[in-house]
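Let me begin by presenting the structure, written as structure tokens, before commenting on it.
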Amino acid sequence: MAKKVTKAIFPVAGLGTRFLPATKSVPKEIMTLVDRPLVQYAIDEARAAGIKEFIFVTSRGKGALEDYFDHSPVLEQELRSKGKTELLEILKDTNMDSGAIAYIRQHKALGLGHAVWCARRLIGNEPFAVMLPDDVIAADKPCLQQMIEAYNETGGNMVAAMEVNPEKSSSYGMLDIDDGPSDGALVKVKGMV
């Protein structure tokens with residue numbers, strides 16, 4: 001049986017150039033989708049899939065991200081004194097237990113693979129997930145949960161993928177997949193770039 005996946009890496013060191021000018025002063029991961037930052041959707045999905053340790057690979061200018069997951073005693077006391085218990089409950093989702101969250105600095109922008117490599121000492125020989133907070137996937141069963149279930153069945157590495165137009169392929173990693181039989185959800189990967 002495969003080891004349980006309880007750690008996730010969140011590579012968030014990028015400059016967010018596709019979202020300029022907003023990301024000049026606000027980290028992309030803190031930008032909101034409806035009423036929550038993008039990173040909160042990723043954290044919620046990770047928690048639902050059984051992730052217990054959250055490793056953020058950051059860069060300069062990501063202080064707002066760290067502040068988002070920290071306790072805010074002044075705000076919490078203000079809400080408590082005004083009887084705003086519903087808002088206090090919402091804040092609980094943003095608080096992380098001590099020791100459950102870590103921040104690693106990626107000093108040079110050398111890509112996604114390098115960002116994952118930067119977290120290697122905190123991962124050790126444990127299986128782990130990599131979550132990209134700017135990719136929000138709407139599914140009846142969360143994507144990470146599906147991937148962990150597939151990992152538990154096969155013991156193999158899992159990569160979530162989608163089809164893209166060939167003209168846009170230079171903006172994405174590419175997979176060479178086996179043309180053999182598949183169940184529609186799992187396909188064998190022969191290579192990747």
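In the structure tokens, the first chain shown is A, the next is B, and so on; residue numbers restart at 1 for each chain, and ligands run from 1 in the order shown.
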
Excluding Gly191 of chain A and residues on its chain fewer than 6 positions from it, collect all residues at most 10 Å away from it, counting only C-alpha atoms, and give them as a PDB file with N, CA and C atoms, in the first residue's frame.
```pdb
ATOM      1  N   MET A 174       3.814  19.852 -21.638  1.00  0.00           N
ATOM      2  CA  MET A 174       3.152  18.954 -22.591  1.00  0.00           C
ATOM      3  C   MET A 174       3.407  17.502 -22.197  1.00  0.00           C
ATOM      4  N   LEU A 175       2.393  16.655 -22.436  1.00  0.00           N
ATOM      5  CA  LEU A 175       2.493  15.231 -22.147  1.00  0.00           C
ATOM      6  C   LEU A 175       2.435  14.426 -23.433  1.00  0.00           C
ATOM      7  N   ASP A 176       3.202  13.369 -23.484  1.00  0.00           N
ATOM      8  CA  ASP A 176       3.105  12.367 -24.540  1.00  0.00           C
ATOM      9  C   ASP A 176       2.409  11.186 -23.882  1.00  0.00           C
ATOM     10  N   ILE A 177       1.154  10.922 -24.296  1.00  0.00           N
ATOM     11  CA  ILE A 177       0.384   9.877 -23.624  1.00  0.00           C
ATOM     12  C   ILE A 177       0.275   8.623 -24.474  1.00  0.00           C
ATOM     13  N   ASP A 178       0.130   7.510 -23.792  1.00  0.00           N
ATOM     14  CA  ASP A 178      -0.018   6.206 -24.429  1.00  0.00           C
ATOM     15  C   ASP A 178      -1.380   6.155 -25.114  1.00  0.00           C
TER      16      ASP A 178
END
```

Contacts of Ile104 of chain A at 10 Å (only C-alpha atoms; same-chain gap of 4+ positions) as an NGL selection string: :A and (9 or 11 or 13 or 55-59 or 115 or 118-119 or 122)

Selection above as a file: C-alpha atoms, as a compact mmCIF listing (two decimals), in the first residue's frame:
```txt
# COMPACT_ATOMS: atom_id res chain seq x y z
CA ILE A 9 3.72 22.25 -2.08
CA PRO A 11 4.66 27.17 -5.77
CA ALA A 13 6.97 32.62 -6.23
CA ILE A 55 4.59 24.28 2.10
CA PHE A 56 4.61 27.59 0.23
CA VAL A 57 7.53 28.33 -2.08
CA THR A 58 7.59 32.13 -2.17
CA SER A 59 9.66 35.04 -3.38
CA ALA A 115 10.23 25.69 -7.01
CA CYS A 118 13.33 24.18 -3.20
CA ALA A 119 10.94 22.33 -0.85
CA LEU A 122 10.67 19.56 4.02
```

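Nearest-residue note for Asp44 of chain A: choosing from A:Gln145, A:Asn165, A:Ser171, A:Thr23, the minimum distance belongs to A:Gln145, counting only C-alpha atoms.
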
Show which residues sit within 9 Å of Val136 of chain A, as a list in words. Count only C-alpha atoms, and ignore same-chain residues fewer than 3 positions away. Leu38, Tyr41, Ala42, Leu132 and Pro133 of chain A

Write out, as a short mmCIF file (atom, residue, chain, number, x, y, z; two decimals), in the first residue's frame, the residues just selected, with N, CA and C atoms.
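Here's the written file selection-v3.cif:
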```
data_model
loop_
_atom_site.label_atom_id
_atom_site.label_comp_id
_atom_site.auth_asym_id
_atom_site.auth_seq_id
_atom_site.Cartn_x
_atom_site.Cartn_y
_atom_site.Cartn_z
N LEU A 38 -7.65 33.30 -4.34
CA LEU A 38 -7.38 32.07 -5.08
C LEU A 38 -6.74 31.01 -4.19
N TYR A 41 -9.05 28.71 -2.12
CA TYR A 41 -9.66 27.58 -2.83
C TYR A 41 -8.71 26.39 -2.83
N ALA A 42 -7.43 26.64 -3.07
CA ALA A 42 -6.43 25.57 -3.09
C ALA A 42 -6.28 24.94 -1.71
N LEU A 132 -1.26 24.41 -7.72
CA LEU A 132 -1.07 25.72 -8.33
C LEU A 132 -2.32 26.55 -8.04
N PRO A 133 -2.25 27.48 -7.09
CA PRO A 133 -3.44 28.22 -6.68
C PRO A 133 -4.14 29.02 -7.78
#
```

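Here the question is which of A:Met31, A:Ala49, A:Asp97, A:Asp70 gets nearest to Lys141 of chain A using only C-alpha atoms, and that residue is A:Ala49.
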
How many Å lie between atom CA of Val5 of chain A and atom CA of Ile148 of chain A, rounded to one decimal? 7.1 Å
